[in-house]
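Peer 1: start31.txt is reproduced in full below (compact mmCIF, C-alpha atoms).
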# COMPACT_ATOMS: atom_id res chain seq x y z
CA MET A 1 -31.24 -27.22 15.04
CA ASP A 2 -30.05 -25.11 17.92
CA ALA A 3 -32.40 -22.45 19.19
CA PRO A 4 -31.29 -18.94 18.11
CA SER A 5 -30.26 -18.13 21.68
CA ARG A 6 -27.89 -21.13 21.71
CA ARG A 7 -26.05 -20.38 18.48
CA ALA A 8 -22.38 -19.49 18.79
CA ALA A 9 -21.69 -15.75 18.88
CA VAL A 10 -19.13 -15.80 16.07
CA ALA A 11 -18.55 -13.92 12.85
CA ARG A 12 -19.77 -15.19 9.49
CA ASP A 13 -17.73 -17.81 7.67
CA GLU A 14 -15.99 -15.38 5.30
CA VAL A 15 -14.61 -13.42 8.26
CA LEU A 16 -13.60 -16.53 10.19
CA ALA A 17 -11.65 -17.65 7.10
CA LEU A 18 -9.55 -14.47 6.95
CA ARG A 19 -5.83 -14.83 7.51
CA MET A 20 -4.59 -13.27 10.72
CA SER A 21 -1.79 -10.80 10.13
CA GLN A 22 1.47 -12.71 10.32
CA ILE A 23 3.31 -9.40 10.49
CA ARG A 24 1.42 -8.68 13.68
CA GLU A 25 2.19 -12.18 14.94
CA VAL A 26 5.91 -11.57 14.54
CA ALA A 27 5.66 -8.06 15.98
CA ASN A 28 3.84 -9.36 19.04
CA ALA A 29 6.71 -11.78 19.62
CA GLY A 30 9.22 -8.98 19.94
CA MET A 31 7.40 -5.67 20.37
CA ALA A 32 7.95 -5.44 24.12
CA ARG A 33 11.71 -5.92 23.79
CA GLU A 34 13.67 -2.69 23.57
CA ASP A 35 16.75 -4.54 22.28
CA VAL A 36 15.02 -5.77 19.10
CA LEU A 37 15.63 -3.77 15.91
CA LYS A 38 12.18 -3.41 14.36
CA PHE A 39 12.04 -3.63 10.56
CA TRP A 40 8.69 -5.44 10.32
CA VAL A 41 6.17 -2.67 9.61
CA GLY A 42 6.06 -0.31 6.65
CA GLU A 43 6.86 3.02 8.23
CA SER A 44 9.80 5.29 8.86
CA ASP A 45 11.59 5.51 12.18
CA ARG A 46 11.22 9.31 11.97
CA PRO A 47 8.07 11.32 12.78
CA THR A 48 5.89 13.33 10.42
CA PRO A 49 7.64 16.56 9.24
CA ASP A 50 7.28 19.62 11.45
CA PHE A 51 5.41 21.74 8.90
CA ILE A 52 2.59 19.19 8.70
CA ARG A 53 2.36 18.72 12.46
CA GLU A 54 2.37 22.47 13.04
CA ALA A 55 -0.43 23.10 10.52
CA THR A 56 -2.50 20.35 12.12
CA ALA A 57 -1.91 21.55 15.67
CA LYS A 58 -2.88 25.08 14.65
CA ALA A 59 -6.10 23.79 13.08
CA LEU A 60 -6.93 21.72 16.16
CA MET A 61 -6.40 24.65 18.51
CA ALA A 62 -8.51 26.85 16.21
CA GLY A 63 -11.41 24.49 16.77
CA GLU A 64 -11.49 22.58 13.49
CA THR A 65 -13.21 19.63 15.14
CA TYR A 66 -16.53 19.42 13.31
CA TYR A 67 -18.08 17.11 10.75
CA THR A 68 -17.05 17.87 7.19
CA HIS A 69 -18.38 16.95 3.75
CA ASN A 70 -18.58 13.20 3.10
CA LEU A 71 -16.10 13.59 0.24
CA GLY A 72 -13.75 15.86 2.17
CA ARG A 73 -13.33 19.60 2.58
CA MET A 74 -13.32 21.53 -0.67
CA ASP A 75 -10.06 23.32 0.16
CA LEU A 76 -8.35 19.94 0.56
CA ARG A 77 -9.85 18.62 -2.66
CA GLU A 78 -8.65 21.76 -4.45
CA ALA A 79 -5.14 21.26 -3.09
CA LEU A 80 -5.26 17.59 -4.11
CA SER A 81 -6.49 18.50 -7.60
CA ASP A 82 -3.55 20.91 -8.02
CA TYR A 83 -1.13 18.28 -6.73
CA LEU A 84 -2.39 15.57 -9.10
CA GLU A 85 -2.22 17.90 -12.09
CA ARG A 86 1.40 18.74 -11.25
CA LEU A 87 2.18 15.08 -10.81
CA HIS A 88 0.47 13.60 -13.87
CA ASP A 89 0.37 16.60 -16.23
CA ARG A 90 -3.39 16.24 -16.62
CA PRO A 91 -6.21 18.05 -14.81
CA VAL A 92 -8.20 16.08 -12.26
CA ASP A 93 -11.44 17.82 -11.37
CA THR A 94 -12.25 18.27 -7.69
CA GLY A 95 -15.60 16.65 -8.39
CA ARG A 96 -13.84 13.30 -8.92
CA LEU A 97 -11.99 13.33 -5.59
CA ALA A 98 -12.93 11.75 -2.29
CA ILE A 99 -10.97 12.09 0.96
CA THR A 100 -10.92 8.94 3.09
CA SER A 101 -9.85 7.84 6.54
CA ALA A 102 -6.66 6.13 5.31
CA GLY A 103 -5.65 4.43 2.10
CA VAL A 104 -6.91 1.05 3.29
CA ASN A 105 -10.26 2.70 3.97
CA ALA A 106 -10.29 3.85 0.34
CA LEU A 107 -9.73 0.27 -0.82
CA MET A 108 -12.54 -1.02 1.36
CA LEU A 109 -14.93 1.73 0.28
CA VAL A 110 -14.44 1.22 -3.44
CA SER A 111 -14.70 -2.54 -2.95
CA GLN A 112 -17.99 -2.12 -1.11
CA ALA A 113 -19.21 0.09 -3.93
CA VAL A 114 -18.44 -2.21 -6.88
CA VAL A 115 -17.76 -5.80 -5.69
CA SER A 116 -20.64 -8.19 -4.96
CA PRO A 117 -20.62 -11.65 -3.37
CA GLY A 118 -19.40 -14.24 -5.86
CA ASP A 119 -17.67 -11.73 -8.14
CA LYS A 120 -14.27 -12.69 -9.50
CA VAL A 121 -11.45 -10.37 -8.42
CA VAL A 122 -7.87 -10.58 -9.71
CA VAL A 123 -4.88 -9.48 -7.60
CA THR A 124 -1.16 -9.57 -8.40
CA THR A 125 0.85 -11.23 -5.64
CA PRO A 126 2.84 -11.34 -3.34
CA ALA A 127 0.72 -8.54 -1.93
CA TRP A 128 0.03 -6.55 1.19
CA PRO A 129 -2.49 -8.76 3.04
CA ASN A 130 -5.28 -6.16 3.12
CA ILE A 131 -5.57 -5.95 -0.66
CA VAL A 132 -6.15 -9.71 -0.80
CA GLU A 133 -8.45 -10.07 2.19
CA ILE A 134 -10.80 -7.16 1.44
CA PRO A 135 -12.44 -8.96 -1.52
CA ARG A 136 -12.75 -12.07 0.64
CA ILE A 137 -14.53 -10.11 3.38
CA LEU A 138 -17.07 -9.18 0.71
CA SER A 139 -17.44 -12.85 -0.33
CA ALA A 140 -15.79 -12.34 -3.71
CA ARG A 141 -13.84 -15.06 -5.55
CA LEU A 142 -10.11 -14.33 -5.66
CA GLN A 143 -7.66 -15.24 -8.42
CA THR A 144 -4.00 -14.32 -8.02
CA VAL A 145 -1.33 -13.71 -10.63
CA ALA A 146 2.16 -14.16 -9.21
CA LEU A 147 5.13 -11.90 -9.79
CA ASP A 148 8.37 -13.75 -10.50
CA PRO A 149 12.01 -12.93 -9.63
CA ALA A 150 14.02 -12.90 -12.84
CA GLN A 151 17.40 -11.38 -13.76
CA GLY A 152 17.69 -9.77 -10.34
CA ARG A 153 14.30 -8.02 -10.38
CA TRP A 154 10.64 -8.86 -9.92
CA ARG A 155 8.61 -9.18 -13.10
CA LEU A 156 4.95 -9.52 -14.07
CA ASP A 157 4.18 -11.90 -16.92
CA LEU A 158 1.71 -9.75 -18.84
CA ASP A 159 0.34 -12.75 -20.74
CA LYS A 160 -0.54 -14.48 -17.45
CA LEU A 161 -2.36 -11.38 -16.28
CA MET A 162 -4.26 -11.12 -19.57
CA ASP A 163 -5.28 -14.76 -19.31
CA ALA A 164 -6.70 -14.07 -15.84
CA LEU A 165 -8.72 -11.06 -17.01
CA THR A 166 -11.68 -12.96 -18.44
CA PRO A 167 -15.19 -11.69 -19.26
CA ASP A 168 -16.44 -12.78 -15.81
CA THR A 169 -13.84 -10.67 -13.96
CA LYS A 170 -15.36 -7.84 -11.94
CA ALA A 171 -12.23 -6.07 -10.74
CA LEU A 172 -8.45 -6.01 -11.01
CA PHE A 173 -6.51 -4.72 -8.00
CA LEU A 174 -3.02 -3.55 -8.93
CA ASN A 175 -0.42 -2.35 -6.41
CA SER A 176 2.57 -0.59 -8.00
CA PRO A 177 5.18 0.00 -6.69
CA ASN A 178 4.42 -3.26 -5.00
CA ASN A 179 4.52 -4.06 -1.31
CA PRO A 180 6.54 -6.21 -0.54
CA THR A 181 8.65 -6.73 -3.69
CA GLY A 182 9.20 -3.20 -5.00
CA TRP A 183 8.07 -4.32 -8.47
CA THR A 184 6.81 -1.36 -10.49
CA LEU A 185 4.50 -1.62 -13.50
CA PRO A 186 6.36 -0.69 -16.70
CA ALA A 187 4.81 2.31 -18.46
CA GLU A 188 4.35 0.31 -21.67
CA ASP A 189 2.16 -2.27 -19.89
CA ARG A 190 -0.50 0.27 -18.93
CA ALA A 191 -2.25 0.56 -22.29
CA PRO A 192 -2.81 -3.17 -22.89
CA ILE A 193 -4.06 -3.69 -19.31
CA LEU A 194 -6.42 -0.74 -19.59
CA GLU A 195 -7.68 -1.93 -22.97
CA ARG A 196 -8.42 -5.42 -21.62
CA CYS A 197 -10.33 -3.91 -18.71
CA ARG A 198 -12.30 -1.74 -21.11
CA GLN A 199 -13.03 -4.73 -23.33
CA TYR A 200 -14.66 -6.73 -20.55
CA GLY A 201 -15.96 -3.90 -18.34
CA ILE A 202 -13.51 -4.73 -15.55
CA TRP A 203 -12.99 -2.26 -12.74
CA LEU A 204 -9.29 -1.30 -12.56
CA ILE A 205 -8.51 -0.34 -8.97
CA THR A 206 -4.97 0.82 -8.25
CA ASP A 207 -3.34 0.95 -4.83
CA ASP A 208 -0.72 3.70 -5.14
CA PRO A 209 0.82 4.51 -1.74
CA TYR A 210 4.41 4.26 -3.02
CA GLU A 211 3.97 6.04 -6.37
CA ARG A 212 6.26 8.90 -5.29
CA LEU A 213 8.88 6.59 -3.76
CA ILE A 214 10.64 5.33 -6.86
CA PHE A 215 14.33 4.67 -7.43
CA GLY A 216 15.15 6.45 -10.64
CA PRO A 217 14.10 9.48 -12.69
CA GLY A 218 10.61 10.90 -12.90
CA LYS A 219 8.12 12.42 -10.50
CA SER A 220 6.21 9.20 -9.86
CA ALA A 221 5.65 5.61 -10.93
CA PRO A 222 3.61 5.08 -14.12
CA SER A 223 -0.07 5.82 -13.46
CA PHE A 224 -3.27 4.98 -15.31
CA LEU A 225 -4.72 8.43 -14.57
CA PRO A 226 -3.20 10.13 -17.63
CA LEU A 227 -4.61 7.38 -19.89
CA ALA A 228 -8.11 6.90 -18.47
CA ASP A 229 -11.20 8.90 -19.38
CA GLU A 230 -13.01 10.76 -16.64
CA ASP A 231 -15.94 8.36 -16.51
CA GLU A 232 -14.60 4.88 -17.05
CA ARG A 233 -14.06 2.07 -14.57
CA VAL A 234 -10.71 3.22 -13.19
CA VAL A 235 -10.26 4.13 -9.52
CA ALA A 236 -6.93 5.28 -8.06
CA THR A 237 -6.60 4.92 -4.27
CA ASN A 238 -3.80 6.53 -2.30
CA THR A 239 -2.65 7.62 1.14
CA PHE A 240 -0.68 10.33 2.89
CA SER A 241 1.06 7.65 4.98
CA LYS A 242 4.22 6.90 3.01
CA ALA A 243 5.40 9.91 0.98
CA TRP A 244 4.81 12.32 3.87
CA ARG A 245 5.54 9.95 6.82
CA MET A 246 1.93 10.21 8.06
CA THR A 247 1.23 6.56 8.86
CA GLY A 248 -0.56 7.21 12.15
CA TRP A 249 -2.76 9.97 10.76
CA ARG A 250 -5.06 7.66 8.74
CA MET A 251 -5.73 9.96 5.79
CA GLY A 252 -6.14 8.90 2.17
CA TRP A 253 -7.96 9.68 -1.06
CA MET A 254 -9.58 8.30 -4.20
CA VAL A 255 -9.79 9.51 -7.79
CA LEU A 256 -13.15 8.29 -9.06
CA PRO A 257 -15.08 8.10 -12.32
CA THR A 258 -17.67 10.88 -12.32
CA SER A 259 -20.64 8.50 -12.29
CA LEU A 260 -19.42 6.81 -9.09
CA VAL A 261 -18.93 9.96 -7.01
CA ASP A 262 -22.45 10.39 -5.62
CA SER A 263 -22.69 6.72 -4.65
CA MET A 264 -19.28 6.90 -2.99
CA GLY A 265 -20.45 9.79 -0.84
CA VAL A 266 -23.24 7.56 0.43
CA VAL A 267 -20.86 4.64 1.08
CA ILE A 268 -18.56 6.95 3.03
CA GLU A 269 -21.52 8.25 5.04
CA TYR A 270 -22.38 4.74 6.21
CA ASN A 271 -18.77 3.86 7.05
CA THR A 272 -17.02 6.84 8.61
CA SER A 273 -19.22 9.85 7.67
CA CYS A 274 -16.16 11.94 6.90
CA ALA A 275 -12.44 12.33 7.50
CA PRO A 276 -11.35 14.29 10.62
CA ASP A 277 -11.54 18.04 10.11
CA PHE A 278 -8.22 19.23 11.59
CA ILE A 279 -6.22 16.39 10.00
CA GLN A 280 -7.42 17.60 6.61
CA SER A 281 -5.61 20.87 7.34
CA GLY A 282 -2.39 18.91 7.84
CA ALA A 283 -3.01 17.12 4.54
CA ILE A 284 -3.34 20.48 2.76
CA ALA A 285 0.05 21.52 4.14
CA ALA A 286 1.56 18.23 2.94
CA LEU A 287 0.26 18.69 -0.60
CA ARG A 288 1.13 22.36 -0.94
CA ASP A 289 4.50 22.49 0.78
CA GLY A 290 5.78 18.92 0.70
CA GLU A 291 7.72 18.64 -2.58
CA PRO A 292 11.15 19.52 -1.12
CA TYR A 293 10.53 17.03 1.66
CA ILE A 294 9.52 14.25 -0.77
CA ALA A 295 12.69 14.86 -2.78
CA GLU A 296 14.73 14.55 0.42
CA LEU A 297 12.89 11.38 1.44
CA ARG A 298 13.49 9.79 -1.96
CA ALA A 299 17.20 10.49 -1.67
CA GLU A 300 17.26 8.98 1.83
CA LEU A 301 15.40 5.87 0.68
CA THR A 302 17.69 5.43 -2.32
CA ALA A 303 20.74 5.53 -0.04
CA ALA A 304 19.05 3.13 2.39
CA LYS A 305 18.17 0.73 -0.42
CA ASP A 306 21.75 0.71 -1.68
CA LEU A 307 23.10 0.09 1.82
CA VAL A 308 20.68 -2.72 2.71
CA LEU A 309 20.59 -4.48 -0.68
CA GLY A 310 24.36 -4.29 -0.98
CA GLY A 311 24.80 -5.66 2.52
CA LEU A 312 22.31 -8.49 1.96
CA ARG A 313 23.96 -9.58 -1.27
CA ALA A 314 27.30 -9.79 0.50
CA LEU A 315 25.93 -12.40 2.90
CA PRO A 316 26.20 -16.12 2.11
CA GLY A 317 23.17 -17.74 0.48
CA VAL A 318 21.08 -14.55 0.23
CA GLU A 319 19.07 -13.64 -2.87
CA ALA A 320 17.86 -10.03 -2.91
CA PRO A 321 16.19 -8.79 -6.12
CA GLU A 322 16.39 -5.07 -6.81
CA PRO A 323 13.26 -3.09 -5.85
CA GLU A 324 12.19 -0.38 -8.30
CA GLY A 325 10.15 1.54 -5.75
CA GLY A 326 8.80 1.49 -2.19
CA MET A 327 10.78 1.07 1.02
CA TYR A 328 11.42 -2.65 1.26
CA ALA A 329 14.01 -5.31 0.57
CA PHE A 330 12.34 -8.65 -0.15
CA PHE A 331 14.96 -11.37 0.12
CA ARG A 332 15.42 -15.07 0.89
CA VAL A 333 18.13 -17.21 2.45
CA ASP A 334 19.12 -20.64 1.15
CA GLY A 335 17.98 -23.43 3.42
CA HIS A 336 15.30 -21.36 5.17
CA GLY A 337 12.01 -22.14 3.45
CA ASP A 338 9.72 -21.43 6.40
CA SER A 339 9.69 -17.65 6.66
CA MET A 340 7.66 -17.48 9.88
CA THR A 341 10.04 -19.84 11.69
CA LEU A 342 13.01 -17.84 10.44
CA ALA A 343 11.46 -14.49 11.41
CA LYS A 344 10.76 -15.68 14.95
CA ASP A 345 14.21 -17.22 15.26
CA LEU A 346 15.78 -13.91 14.22
CA ILE A 347 13.94 -12.20 17.06
CA ALA A 348 15.08 -14.78 19.57
CA LYS A 349 18.70 -15.14 18.44
CA ALA A 350 19.60 -11.98 16.51
CA ASP A 351 17.41 -9.37 18.21
CA MET A 352 15.97 -8.16 14.88
CA GLY A 353 12.43 -8.17 13.57
CA LEU A 354 11.58 -8.80 9.91
CA ALA A 355 8.22 -9.56 8.30
CA PRO A 356 7.77 -13.16 7.08
CA GLY A 357 7.12 -13.49 3.37
CA SER A 358 4.22 -15.83 4.06
CA ALA A 359 2.33 -12.79 5.39
CA PHE A 360 2.01 -11.69 1.76
CA GLY A 361 0.48 -14.93 0.52
CA PRO A 362 1.82 -18.34 -0.48
CA GLU A 363 3.86 -16.71 -3.27
CA GLY A 364 5.90 -14.96 -0.58
CA GLU A 365 6.76 -18.06 1.42
CA GLY A 366 10.49 -18.45 1.94
CA TRP A 367 11.11 -14.69 1.68
CA LEU A 368 11.54 -11.97 4.30
CA ARG A 369 10.63 -8.28 4.08
CA TRP A 370 12.92 -5.61 5.53
CA CYS A 371 11.56 -2.06 5.76
CA PHE A 372 14.67 0.06 5.27
CA ALA A 373 13.02 3.48 5.85
CA ASN A 374 15.35 3.97 8.81
CA ARG A 375 18.42 5.87 9.87
CA PRO A 376 21.62 4.48 8.27
CA GLU A 377 23.07 3.32 11.59
CA LYS A 378 19.98 1.24 12.34
CA ASN A 379 20.08 -0.47 8.94
CA ALA A 380 23.82 -1.08 9.30
CA GLU A 381 23.37 -2.67 12.72
CA GLY A 382 20.63 -4.88 11.29
CA LEU A 383 22.99 -6.11 8.60
CA ARG A 384 25.63 -6.82 11.23
CA ARG A 385 23.22 -8.85 13.34
CA LEU A 386 21.88 -10.79 10.36
CA GLY A 387 25.41 -11.54 9.20
CA THR A 388 26.32 -12.86 12.64
CA TYR A 389 23.20 -15.02 12.68
CA LEU A 390 23.87 -16.51 9.25
CA GLY A 391 27.50 -17.03 10.05
CA GLY A 392 26.51 -19.32 12.91
Could you render the structure as structure tokens?
Peer 2:
Amino acid sequence: MDAPSRRAAVARDEVLALRMSQIREVANAGMAREDVLKFWVGESDRPTPDFIREATAKALMAGETYYTHNLGRMDLREALSDYLERLHDRPVDTGRLAITSAGVNALMLVSQAVVSPGDKVVVTTPAWPNIVEIPRILSARLQTVALDPAQGRWRLDLDKLMDALTPDTKALFLNSPNNPTGWTLPAEDRAPILERCRQYGIWLITDDPYERLIFGPGKSAPSFLPLADEDERVVATNTFSKAWRMTGWRMGWMVLPTSLVDSMGVVIEYNTSCAPDFIQSGAIAALRDGEPYIAELRAELTAAKDLVLGGLRALPGVEAPEPEGGMYAFFRVDGHGDSMTLAKDLIAKADMGLAPGSAFGPEGEGWLRWCFANRPEKNAEGLRRLGTYLGG
């Protein structure tokens, strides 16, 4: 055996086995080129609204630069409690809320709190890579349940999900509206999923960044929060990134069962200690004054979806199921089964950057993701370039 000083300075096996971000791989191939239209990442081409930036700048200049409570400032938790009650028509006590340094940080924190090495975790896929890789970082066993395109939309076979939720399952991670497909959990499916999780003591962890960005009536996508008791194994994670165009701010939250709150404060302490003070002031402004802006954003995204999906379906050999929420078109082209090769070829020959479906797991292979949260002229030019490319 090698002496300790001679051993390779590498990460543990579970980390070495993680998939590198294929979205980043594609972005690196074209990021330096100003002529490439960039549709590969999940963010708008417009900055955070003025009222949020102004509130944050004011807080920064007033000296709000200190450590805060592990679970977040009370004034932010009060604003979040009011927001969630308006959204879900049910009170959510401030004592159940935790402010995090981004939505992905919330997912990691709750995973660290409840998932142990060897535990079985179920995830619906295709999925944003982070939601799949976080359990693997923690040495959990992963089982996926694939969404299927059917009748022009993505669907979840509820029976398949129920079959996967066995007595040895520790946690179910559910992302709805889904990135990348736009699939949204039907309201009628919530009760049977929640009941199965209750039956076997499964943690139900929802990833809800797109819950406000739905295409249709209602204030938000169906949520488990109105159905769950205050102290059962249901955790809702969320972020300010999408609905308020705050991707670079890294600010999120969790709604927790009451018995988990104290432990979560400790987990936060040993990860980030707390969320940045002055950014929490910007988050308060978003929650209290952001409803007109969210309504405007939803209208913009609906128009963008109609433009991009309509344009894609007019192209030869393109299949583009209808998203029910989010900011993405997930589509495939006949004869192009290798999504990474196609994505890189589009950069080289069409000057446009799309995310390869393989970045979202093997179930996404052969598909491409287009983030359409852009100005209409940018989306229209992307359709023109793609049409030229497909036309030879």
Peer 1: What does the structure give for the distance between atom CA of A:Tyr389 and atom CA of A:Ala303, in Å to one decimal?
Peer 2: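 Going from atom CA of A:Tyr389 over to atom CA of A:Ala303, I get 24.3 Å.
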Peer 1: With only C-alpha atoms as the atoms that count, which of A:Leu16, A:Leu37, A:Ala295, A:Ile131 lies nearest to A:Gly218?
Peer 2: A:Ala295
Peer 1: Restricting the calculation to all atoms listed in the file: of A:Arg155, A:Lys58, A:Arg6, A:Arg96, which residue gets closest to A:Val255?
Peer 2: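 When distances to A:Val255 are compared using all atoms listed in the file, the smallest one comes from A:Arg96.
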Peer 1: Just the number, please: distance in Å from atom CA of A:Trp367 to atom CA of A:Arg332, one decimal.
Peer 2: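 It comes out at 4.4 Å.
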Peer 1: Rank A:Met246, A:Trp203, A:Thr258, A:Ala113 by their smallest atom-to-atom distance to A:Val234, using all atoms listed in the file, and report the top residue only.
Peer 2: A:Trp203
Peer 1: Report, in Å to a single decimal, how far apart atom CA of A:Gly72 and atom CA of A:Ala59 are.
Peer 2: 15.5 Å
Peer 1: Against stretch 262-285 of chain A, which residues of stretch 55-121 of chain A fall within 8 Å? For each one I want the closest pair of atoms and the distance in Å (one decimal), counting only C-alpha atoms, rows by chain and increasing residue number, as JSON lines.
Peer 2:
{"residue": "A:Ala55", "atom": "CA", "partner": "A:Gly282", "partner_atom": "CA", "distance": 5.3}
{"residue": "A:Thr56", "atom": "CA", "partner": "A:Gly282", "partner_atom": "CA", "distance": 4.5}
{"residue": "A:Ala57", "atom": "CA", "partner": "A:Phe278", "partner_atom": "CA", "distance": 7.9}
{"residue": "A:Ala59", "atom": "CA", "partner": "A:Phe278", "partner_atom": "CA", "distance": 5.2}
{"residue": "A:Leu60", "atom": "CA", "partner": "A:Phe278", "partner_atom": "CA", "distance": 5.4}
{"residue": "A:Glu64", "atom": "CA", "partner": "A:Phe278", "partner_atom": "CA", "distance": 5.1}
{"residue": "A:Thr65", "atom": "CA", "partner": "A:Asp277", "partner_atom": "CA", "distance": 5.5}
{"residue": "A:Tyr66", "atom": "CA", "partner": "A:Asp277", "partner_atom": "CA", "distance": 6.1}
{"residue": "A:Tyr67", "atom": "CA", "partner": "A:Asp277", "partner_atom": "CA", "distance": 6.6}
{"residue": "A:Thr68", "atom": "CA", "partner": "A:Cys274", "partner_atom": "CA", "distance": 6.0}
{"residue": "A:His69", "atom": "CA", "partner": "A:Cys274", "partner_atom": "CA", "distance": 6.3}
{"residue": "A:Asn70", "atom": "CA", "partner": "A:Cys274", "partner_atom": "CA", "distance": 4.7}
{"residue": "A:Leu71", "atom": "CA", "partner": "A:Gly265", "partner_atom": "CA", "distance": 5.9}
{"residue": "A:Gly72", "atom": "CA", "partner": "A:Ala275", "partner_atom": "CA", "distance": 6.5}
{"residue": "A:Arg73", "atom": "CA", "partner": "A:Gln280", "partner_atom": "CA", "distance": 7.4}
{"residue": "A:Asp75", "atom": "CA", "partner": "A:Ile284", "partner_atom": "CA", "distance": 7.7}
{"residue": "A:Leu76", "atom": "CA", "partner": "A:Ile284", "partner_atom": "CA", "distance": 5.5}
{"residue": "A:Ala79", "atom": "CA", "partner": "A:Ile284", "partner_atom": "CA", "distance": 6.2}
{"residue": "A:Leu80", "atom": "CA", "partner": "A:Ile284", "partner_atom": "CA", "distance": 7.7}
{"residue": "A:Ala98", "atom": "CA", "partner": "A:Gly265", "partner_atom": "CA", "distance": 7.9}
{"residue": "A:Ile99", "atom": "CA", "partner": "A:Ala275", "partner_atom": "CA", "distance": 6.7}
{"residue": "A:Thr100", "atom": "CA", "partner": "A:Ala275", "partner_atom": "CA", "distance": 5.8}
{"residue": "A:Ser101", "atom": "CA", "partner": "A:Ala275", "partner_atom": "CA", "distance": 5.3}
{"residue": "A:Leu109", "atom": "CA", "partner": "A:Val267", "partner_atom": "CA", "distance": 6.7}
{"residue": "A:Val110", "atom": "CA", "partner": "A:Met264", "partner_atom": "CA", "distance": 7.5}
{"residue": "A:Gln112", "atom": "CA", "partner": "A:Val267", "partner_atom": "CA", "distance": 7.7}
{"residue": "A:Ala113", "atom": "CA", "partner": "A:Met264", "partner_atom": "CA", "distance": 6.9}
Peer 1: Quick one: 4 Å padding each side, axis-aligned, all listed atoms of stretch 148-151 of chain A - centre and edge lengths in Å to one decimal, as lines of an AutoDock Vina configuration file?
Peer 2:
center_x = 12.9
center_y = -12.6
center_z = -11.7
size_x = 17.0
size_y = 10.4
size_z = 12.1
Peer 1: Please determine, counting only C-alpha atoms, which residue among A:Lys38, A:Arg212, A:Arg369, A:Lys378 has the shortest atom-to-atom distance to A:His88.
Peer 2: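 The shortest atom-to-atom distance to A:His88 comes from A:Arg212.
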Peer 1: Which is closest to A:Arg313 among A:Met20, A:Leu225, A:Val333, A:Leu147, if we use all atoms listed in the file?
Peer 2: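 Of all the options, A:Val333 lies closest to A:Arg313.
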